[in-house]
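To start, the structure under review is shown below, and the notes come after it.
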Amino acid sequence: MAVRDIICVACPRGCPIKVTLDDAGNITNIEGFTCKRGEEYARAEVTHPERSLTSTVKVIGGSAYVVPVKSSTAIPKELLFDAMKEVNKASINAPVHIGDVVIKDLLGTGADIVATNEID
Ligand code: SF4
């Protein structure tokens, strides 16, 4: 049996959640959440943790050198390091508009890397 202590980040309240797993890694109990979102967050965090990715990408020929970007959906946590390597290699030509796709289907995750600001 193992117990994982997690802080829910699904909202700013930050509830402490305790997840108990049996020896096979199956969840046997979840406590401490105060809403359904928290329970779902804790379950996902233990079984298949995901994170949104935010970063910047180089802009070619624009009024700024970089544009902030984010992943369109959360991606598996274990892919974050490789995902950042792909983002660091990427660039986009100006002008850039909010929602422009910089990388499509990042590492086959189904998530796109999209611009979150305008660059002339
Ligand atoms: S359990 Fe619910 S109320 Fe608590 S931090 Fe998570 S989302 Fe917010």
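Letters A, B, ... mark the chains of the structure tokens in the order given; residue numbers begin at 1 per chain; ligand numbers begin at 1, in order shown.
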
Tell me, as an MDAnalysis selection string, which residues lie within 10 Å of Leu79 of chain A, counting only C-alpha atoms; anything in the same chain fewer than 2 positions away does not count. chainID A and resid 50:51 75:77 81:84 106:107 109

Quick one: pick out all helix (DSSP H, G or I) residues within chain A from a backbone DSSP run and write them as a CSV table (one decimal) with C-alpha atoms, in the first residue's frame.
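Result file part22.csv:
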```csv
chain,number,residue,atom,x,y,z
A,36,LYS,CA,-15.7,16.5,-8.1
A,37,ARG,CA,-13.0,18.3,-10.1
A,38,GLY,CA,-10.6,17.7,-7.3
A,39,GLU,CA,-11.3,14.0,-7.2
A,40,GLU,CA,-10.8,13.8,-11.0
A,41,TYR,CA,-7.6,15.8,-10.8
A,42,ALA,CA,-6.2,13.5,-8.1
A,43,ARG,CA,-7.1,10.4,-10.0
A,44,ALA,CA,-5.5,11.7,-13.2
A,45,GLU,CA,-2.4,13.0,-11.3
A,46,VAL,CA,-1.7,9.5,-9.9
A,47,THR,CA,-2.6,7.5,-13.1
A,77,LYS,CA,4.0,15.0,-17.9
A,78,GLU,CA,6.7,12.6,-19.0
A,79,LEU,CA,6.8,14.2,-22.5
A,80,LEU,CA,7.4,17.8,-21.2
A,81,PHE,CA,11.2,17.7,-21.5
A,82,ASP,CA,11.1,16.5,-25.1
A,83,ALA,CA,8.2,18.9,-25.8
A,84,MET,CA,10.3,21.9,-24.6
A,85,LYS,CA,13.1,20.8,-26.9
A,86,GLU,CA,10.7,20.9,-29.9
A,87,VAL,CA,9.4,24.3,-28.8
A,88,ASN,CA,12.9,25.7,-28.3
A,89,LYS,CA,13.8,24.7,-31.9
A,106,LEU,CA,3.3,18.2,-30.8
A,107,LEU,CA,5.1,14.8,-30.5
A,108,GLY,CA,1.9,13.0,-31.6
```

Residues within 7 Å of ligand 1, counting only C-alpha atoms and all ligand atoms, as a VMD selection string: chain A and resid 8 to 15 33 to 39

Run DSSP on the backbone and tell me which residues of chain A come out as strand (DSSP E or B); list them as a short mmCIF file (atom, residue, chain, number, x, y, z; two decimals) with C-alpha atoms, in the first residue's frame.
```
data_model
loop_
_atom_site.label_atom_id
_atom_site.label_comp_id
_atom_site.auth_asym_id
_atom_site.auth_seq_id
_atom_site.Cartn_x
_atom_site.Cartn_y
_atom_site.Cartn_z
CA ALA A 2 1.17 3.52 -0.76
CA VAL A 3 -0.21 6.96 -0.01
CA ARG A 4 0.29 9.95 -2.29
CA ASP A 5 -0.26 13.43 -0.92
CA ILE A 6 -1.33 15.84 -3.64
CA ILE A 7 -2.25 19.52 -3.67
CA PRO A 16 -4.74 18.75 0.12
CA ILE A 17 -5.79 15.35 -1.24
CA LYS A 18 -4.63 11.95 -0.07
CA VAL A 19 -4.70 9.06 -2.56
CA THR A 20 -4.22 5.52 -1.32
CA LEU A 21 -2.99 2.83 -3.72
CA ILE A 27 -6.51 3.49 -6.29
CA THR A 28 -8.34 2.25 -3.21
CA ASN A 29 -9.28 5.57 -1.60
CA ILE A 30 -9.24 9.31 -2.30
CA GLU A 31 -9.94 11.84 0.43
CA GLU A 50 -0.55 15.89 -17.55
CA ARG A 51 0.59 19.48 -17.70
CA THR A 54 3.77 27.53 -21.73
CA SER A 55 6.88 29.02 -23.26
CA THR A 56 8.04 31.43 -25.95
CA VAL A 57 8.99 30.90 -29.60
CA LYS A 58 11.37 32.91 -31.76
CA VAL A 59 9.73 35.37 -34.18
CA ILE A 60 11.37 36.10 -37.52
CA VAL A 66 9.70 36.11 -29.26
CA VAL A 67 6.00 35.38 -28.87
CA PRO A 68 4.43 33.62 -25.88
CA VAL A 69 2.91 30.23 -26.71
CA LYS A 70 0.97 27.50 -24.93
CA SER A 71 -0.21 24.00 -25.64
CA ILE A 75 0.21 16.85 -22.50
CA PRO A 76 1.59 13.85 -20.60
CA SER A 91 10.23 29.72 -34.96
CA ILE A 92 7.41 31.61 -36.66
CA ASN A 93 7.34 34.38 -39.26
CA VAL A 96 1.81 36.52 -35.62
CA VAL A 101 -0.37 27.25 -34.74
CA VAL A 102 3.40 27.14 -34.31
CA ILE A 103 3.67 23.33 -33.98
CA ILE A 113 1.50 24.84 -29.75
CA VAL A 114 -0.33 28.11 -30.38
CA ALA A 115 0.61 31.78 -30.09
CA ILE A 119 3.35 40.38 -33.01
#
```

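Of the residues under consideration (A:Asp100, A:Asp22, A:Asp105, A:Glu118), A:Asp105 shows the shortest atom-to-atom contact distance to Thr73 of chain A when counting only C-alpha atoms.
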